[in-house]
Amino acid sequence: MTAMFENAMSMNDTVHNDKDRFTATELAALRSDLLQGGMIDSYEAAELLQVFLMGRGYGVSPKAALDAAGRVEMAGCALPVLQHELENLALVM
């Protein structure tokens, strides 16, 4: 499973470098919020992802946010995975 996340992270670096939507500071703050909550409840983590994106003018599917929260949790809330998931979730309004 680690190899899968390493591949996603390296793919993320090459695909999204030109169009990063979120700053490192924003991502670190979100990661901190997720870790403080212990990410015990995937529904709460998904809600936090939704609030983060909606606060920046993006739409987001609740179901997709729940799926993304699970993947972020499985990756130990690694910043590259968090960024990748957020960029895939963000729907331009």
# chains A, B, ... in the order shown; residues from 1 in each chain; ligands from 1
$ residues_around --residues "Val60 in chain A" --least-positions-apart "3" --cutoff "8 Å" --atoms "only C-alpha atoms" --output "PyMOL selection string"
chain A and resi 50+53-54+64-65+89-91
$ residues_around --residues "Ala28 in chain A" --least-positions-apart "6" --cutoff "12 Å" --atoms "only C-alpha atoms" --output "list in words"
Phe22, Leu34, Leu35, Cys77, Ala78, Leu79, Pro80, Leu82 and Gln83 of chain A
$ atom_distance --atom1 "CA of Pro62 in chain A" --atom2 "CA of Gln36 in chain A"
21.6 Å
$ residues_around --residues "Ser42 in chain A" --least-positions-apart "3" --cutoff "7 Å" --atoms "only C-alpha atoms" --output "PyMOL selection string"
chain A and resi 39+45-46+66+69-70
$ atom_distance --atom1 "CA of Tyr43 in chain A" --atom2 "CA of Ala68 in chain A"
10.6 Å
